[in-house]
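Okay, so here's the structure we're looking at.
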Amino acid sequence: MSPASPKQDSATGGWIVLKFGGTSVSRRHRWDTIGRLAKKRAEETGARVLVVVSALSGVTNELTAIADGASDSAQRVQGLVQRHLDFVAELGLDAEAVLGARLAALRGLLDDPRAATRPLDWQAEVLGQGELLSSTLGAAYLRTQGLDMGWTDARDWLDALPPQANQSDWSRRLSVSCQWQADAAWHARFDAQPTRLLITQGFIARHPEGGTAILGRGGSDTSAAYFGALLGANRVEIWTDVPGMFSANPREVPDARLLKRLGYAEAQEITTTGAKVLHPRSIKPCRDSGVPMAILDTERPELPGTTIDRSAATVPGVKAISRRNGVVLVSVEDIGMWQQVGYLAEVFALFRKHGLSVDMIGTSQTNVTVSLDPSENLLSENVLAALATDLEKIGRVKVIVPCAAITLVGRGMRSLLHKLSEVFSSFGHERVHMISQSSNDLNLTFVIDEADADGLLPELHGALIDSGAMPVLEKEVFGPRWRELDGAVRPRPVPWWHRERPRLLQMAAAGTPRYVYHLPTVRARARALKAVAPVDQRYYAIKANSHPAILRALVDEGFGLECVSLGELRHVFASVPGLDPRRVLFTPSFAPMHEYEQGFALGVTVTVDNVEALRRWPELFRGRQVWLRIDLGHGDGHHQKVNTGGKDSKFGLSAQRVDEFVDAARALGTTITGLHAHLGSGVENAGHWRQMCDELAGFARRIGTVSTLDIGGGLPIPYSADDEPFDLDAWAASLAEVRAVHPAFGLVIEPGRYLVAECGVLLAHATQVIEKDGVLRVGLDAGMNALVRPALYDAWHDIVNLQRLDEAAEAMFDIVGPICESSDIFGRQRPLPAATAPGDVMLIADAGAYGHAMASTYNQRELPAEDVIDESAG
């Protein structure tokens, strides 16, 4: 055939191709949707519409079993006949008139002389029946609904390419590629179809030797793409049961973002490496012909979906992370391969001999390791055994199975390596067999044991966002999260500072930088925690924010206070006169002896976290009651630097030395009355605390004198607009389960951030607005000396122009401070009003925890001022 004719003008005329999968054609209301969408597209664009459909859901699986020679093939055929008859009845159609001939053809295939030997041409005829049935009944139904809907046989239009020399017999008939360019005669013939709307089949084509050819897995997607390319269509739309491609499998990663627009290359990589929403073979015909594609949700057609075309913005960064299971690694080790000409050719010739397509390749001087993708290969035990037998003749062979391939996809992967430290550290706990980086700089893949991949994707996805490697603020590419689309998001309340804006602007006029704390927010958080029934005692970790007004407010709400230094102890007793020492915890780390002495003298509860202290200062601890802090050997948290458990952490007594501590304490008459563990901050997993309670309770029973279990704090807060409030109800339910199992022990918590982070804001004035090499920067009179969390933990804080809060934030700025350090950055590429100017009052949100408490006079900058709001302005 000659090259394709020019693409039709998308504004008038031409064709639009709509593809619908098995779930979209298996119910009556779905066919109503198909008809409505086809009619709407025709009316909106003036184009003609070609609808490509799959078989009813599950039918192809049944046909595959029949084609494979199942012993109950006759019963399976009868089951398929009955299912289609039932569906025709549901559609209100005459079964014999609509499907009589089709069902007779299906039954006849079992009586075909070829059925005894099951040649591939017969198998292809069997496999293609599902689409012929569904398209026939669909066309008949839509005509009864008043649509000008015609029917055509895909085998009259799609021609399988001639077989290639290295193709297996199976792929020549059951996994074919098709011609995607058409001559004028083809176009004239197709355009002569009498109806404006037309329905045809996916999955099937005409074989060069006659009869049916099958396009293989994902064939209906690919059929739609071939038709789009042949027609020079305005657009190919893949209608499915999800609203597009996502940055990860949303069923595994609920925070996955919708990918609104992609180029063909990135979309190809995402589908090839694990995304199931679109078959990778379907992209090439549209890419080669320049036909745009879209992935849309049949049940929610109003959603934007994913568009794939040539004009998508080139945005560097990771767009998606995916997982493929069932990957097989084959390793050949041979010291003789070093500098041996033709060695690799010999190895790969054996893979070709067995009809296997190699996916990834890793080599060294004495080893070559390749991966085999199960979606592109028939990886039976017999095939792998035969391959290994042949490979053993040239080297030592190792087959590793089952494996999972975890792939990061995006533009400029090599330039992102410095941002991927958190991703690499996540793999540090797993066994990585292979790392592969594509030569086109579009993907980076880690192959690990399949069992180790469970639960890993959400962690990696979060790390990619936190590091900035996944640029989710690029709104042209990234859309809403799956949880938002699924209606499973807990709403974040409007921050208090919106209401208090006039008062905050007035406070800023008195000088900045300035922290302002909203005590009603502190009290609200305290009362929320008091409602968690399974907790017996609550303490506030004052290191988060030790402002006297906050301490007094929390004590009034019934909270005790937890301190980590002698200075903090003195501060709480000065700030809250008459405070009962029994309401104070002292949890030092590597403190000098006199701080322990003063703690005991003040009558507070003292926590010890090492046996060496007892041995060095035996008289100090003799006859005392203490709590013991244990490192349970694992940790958690939003950043490596707030993970306070495990071998690398300085906190806590190793769980391996608890018996040693107990023996030393008994020798001194020291009684252990409480056990404490705090393994990290910003922990969202409710199971974290349940596991901690279980482990502490086990130690408590062994010790025998423990009455209290302190599970620390670390409760998260929603720092960004994408974050959700911590699910206190789920947390309370998990603690209730623990209390039911361990009723003998009182339960203690000691949160800090959760109580005060949202109560505080940092006010600053913009000093300068500068453009440098295309980057806009807003300088503030506050720097990392005033708020060090972004520099220290890569922490996110929302930043707004309080002066222009009602103006649209449509320009992107880096927000920086005046400190002479490269890390003096509060946020990169943050949206602010384009008119942001020197003198504007800027607000950094959720700065009530670890803000002023960690401030310094670095560069001889003064400490920020502090103010308190105790009542609403209204």
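Following the order of the structure tokens, chains are lettered A, B, ..., residues in each are numbered from 1, and ligands are numbered from 1.
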Using only C-alpha atoms, find each residue in region 189-302 of chain A having at least one atom no more than 8 Å away from region 444-468 of chain A; report its shortest atom-to-atom pair and that distance in Å (one decimal), rows by chain then rising number, as a tab-separated table.
```
residue	atom	partner	partner_atom	distance
A:Ala248	CA	A:His461	CA	7.5
A:Glu252	CA	A:Pro458	CA	7.1
A:Val253	CA	A:Pro458	CA	5.1
A:Asp255	CA	A:Pro458	CA	7.9
A:Ala256	CA	A:His461	CA	7.7
```
Need to verify the contact set: Leu110 (chain A), 10 Å, only C-alpha atoms, exclusion of same-chain residues closer than 4 positions in sequence. Can you return it as a PyMOL selection string? chain A and resi 66-67+73-74+77+105-106+114-116+122+126
Give me, as a list in words, all polymer residues having an atom no more than 10 Å from Arg490 (chain A), counting only C-alpha atoms and skipping those fewer than 5 positions away in the same chain. Arg483, Glu484, Asp723, Glu724, Pro725, Phe726 and Asp727 of chain A
Counting only C-alpha atoms, the option among A:Val868, A:Val662, A:Ala97, A:Leu863 closest to Gly848 (chain A):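 Using only C-alpha atoms, Gly848 (chain A) sits closest to A:Val868.
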With region 664-667 of chain A as the partner and 12 Å as the cut-off, tabulate the residues of region 703-785 of chain A that qualify, each row holding the nearest pair of atoms and their distance in Å to one decimal, using only C-alpha atoms, sorted by chain and rising number, as a tab-separated table.
```
residue	atom	partner	partner_atom	distance
A:Ile703	CA	A:Arg666	CA	10.3
A:Gly704	CA	A:Arg666	CA	11.6
A:Thr705	CA	A:Arg666	CA	10.8
```
Could you turn the residues from that selection into a file that holds N, CA and C atoms, as a PDB file, in the first residue's frame?
```pdb
ATOM      1  N   ILE A 703       9.609  -8.466  82.036  1.00  0.00           N
ATOM      2  CA  ILE A 703      10.216  -7.708  83.136  1.00  0.00           C
ATOM      3  C   ILE A 703       9.406  -7.875  84.417  1.00  0.00           C
ATOM      4  N   GLY A 704       8.078  -7.807  84.307  1.00  0.00           N
ATOM      5  CA  GLY A 704       7.227  -8.107  85.449  1.00  0.00           C
ATOM      6  C   GLY A 704       6.819  -6.941  86.308  1.00  0.00           C
ATOM      7  N   THR A 705       7.517  -5.793  86.248  1.00  0.00           N
ATOM      8  CA  THR A 705       7.181  -4.659  87.110  1.00  0.00           C
ATOM      9  C   THR A 705       6.590  -3.487  86.331  1.00  0.00           C
TER      10      THR A 705
END
```
Separation of CA of Phe351 (chain A) and CA of His279 (chain A), in Å? 24.1 Å
DSSP-assigned alpha helix (DSSP H) among region 15-87 of chain A, expressed as a PyMOL selection string: chain A and resi 28-45+59-67+73-87
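Within 7 Å of region 40-55 of chain A, once only C-alpha atoms are used and residues closer than 3 positions along the same chain are dropped, the contacting residues are Ala11, Thr12, Gly13, Gly14, Trp15, Ile16, Val17, Leu18, Lys19, Phe20, Gly21, Gly22, Arg36, Leu37, Val59, Thr60, Gly130, Glu131, Ser134, Ser135, Arg196, Leu197, Leu198, Ile199, Thr200, Gln201, Gly202, Ser220 and Ala224 of chain A.
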Based on the selection just made, write C-alpha atoms of those residues as a PDB file, in the first residue's frame.
```pdb
ATOM      1  CA  ALA A  11     -12.711  20.787  13.066  1.00  0.00           C
ATOM      2  CA  THR A  12     -14.793  19.374  10.192  1.00  0.00           C
ATOM      3  CA  GLY A  13     -15.299  15.894   8.851  1.00  0.00           C
ATOM      4  CA  GLY A  14     -12.885  13.018   9.194  1.00  0.00           C
ATOM      5  CA  TRP A  15     -13.161  10.146  11.656  1.00  0.00           C
ATOM      6  CA  ILE A  16     -12.940   9.699  15.410  1.00  0.00           C
ATOM      7  CA  VAL A  17     -12.225   6.205  16.718  1.00  0.00           C
ATOM      8  CA  LEU A  18     -13.729   5.116  20.049  1.00  0.00           C
ATOM      9  CA  LYS A  19     -12.630   1.834  21.618  1.00  0.00           C
ATOM     10  CA  PHE A  20     -14.566   0.101  24.405  1.00  0.00           C
ATOM     11  CA  GLY A  21     -13.285  -2.871  26.401  1.00  0.00           C
ATOM     12  CA  GLY A  22     -14.988  -5.931  27.803  1.00  0.00           C
ATOM     13  CA  ARG A  36     -24.533   8.538  23.753  1.00  0.00           C
ATOM     14  CA  LEU A  37     -20.788   9.143  23.455  1.00  0.00           C
ATOM     15  CA  VAL A  59     -15.496 -14.393  27.030  1.00  0.00           C
ATOM     16  CA  THR A  60     -11.987 -14.393  25.532  1.00  0.00           C
ATOM     17  CA  GLY A 130     -16.175 -12.963  21.039  1.00  0.00           C
ATOM     18  CA  GLU A 131     -15.723  -9.641  19.240  1.00  0.00           C
ATOM     19  CA  SER A 134     -20.426  -8.399  20.930  1.00  0.00           C
ATOM     20  CA  SER A 135     -20.208  -6.023  17.946  1.00  0.00           C
ATOM     21  CA  ARG A 196     -22.409   8.057   9.990  1.00  0.00           C
ATOM     22  CA  LEU A 197     -21.715   5.799  12.975  1.00  0.00           C
ATOM     23  CA  LEU A 198     -19.988   2.464  12.482  1.00  0.00           C
ATOM     24  CA  ILE A 199     -19.103  -0.422  14.789  1.00  0.00           C
ATOM     25  CA  THR A 200     -16.383  -3.027  14.294  1.00  0.00           C
ATOM     26  CA  GLN A 201     -14.277  -5.520  16.211  1.00  0.00           C
ATOM     27  CA  GLY A 202     -11.013  -5.240  17.993  1.00  0.00           C
ATOM     28  CA  SER A 220      -8.590  -4.222  20.843  1.00  0.00           C
ATOM     29  CA  ALA A 224      -8.335   1.024  17.431  1.00  0.00           C
TER      30      ALA A 224
END
```
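Compared by their closest atoms to Val611 (chain A), and using only C-alpha atoms, the residues A:Leu763, A:Val658, A:Leu231, A:Leu566 rank with A:Val658 nearest.
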Between CA of Ala601 (chain A) and CA of Pro548 (chain A), what is the spacing in Å?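 Taking CA of Pro548 (chain A) as the start and CA of Ala601 (chain A) as the end point, the length is 22.8 Å.
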Closest of A:Ala185, A:His765, A:Arg102, A:Ala782 to Leu505 (chain A) - atom-to-atom distances counting only C-alpha atoms: A:His765
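The shell of residues at most 6 Å from region 397-403 of chain A, with only C-alpha atoms counted and near chain neighbours (fewer than 6 positions) removed, consists of A:Gly326, A:Val327, A:Val328, A:Leu329, A:Val330, A:Ser331, A:Val332, A:Ile448, A:Asp449, A:Glu450.
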Long-range neighbours of region 391-394 of chain A as a ChimeraX atom specification, 8 Å cut-off, only C-alpha atoms, 6 positions minimum in chain: /A:332,334,347,350
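A straight line drawn from CA of His518 (chain A) to CA of Ala541 (chain A) is 18.0 Å long.
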Any idea what's packed within 12 Å of Met470 (chain A), counting only C-alpha atoms, ignoring anything in its chain fewer than 5 positions away? Could you give it as a VMD selection string? chain A and resid 247 to 248 256 to 257 259 315 to 321 408 to 413 416 419 to 420 423 460 to 465 477 to 478
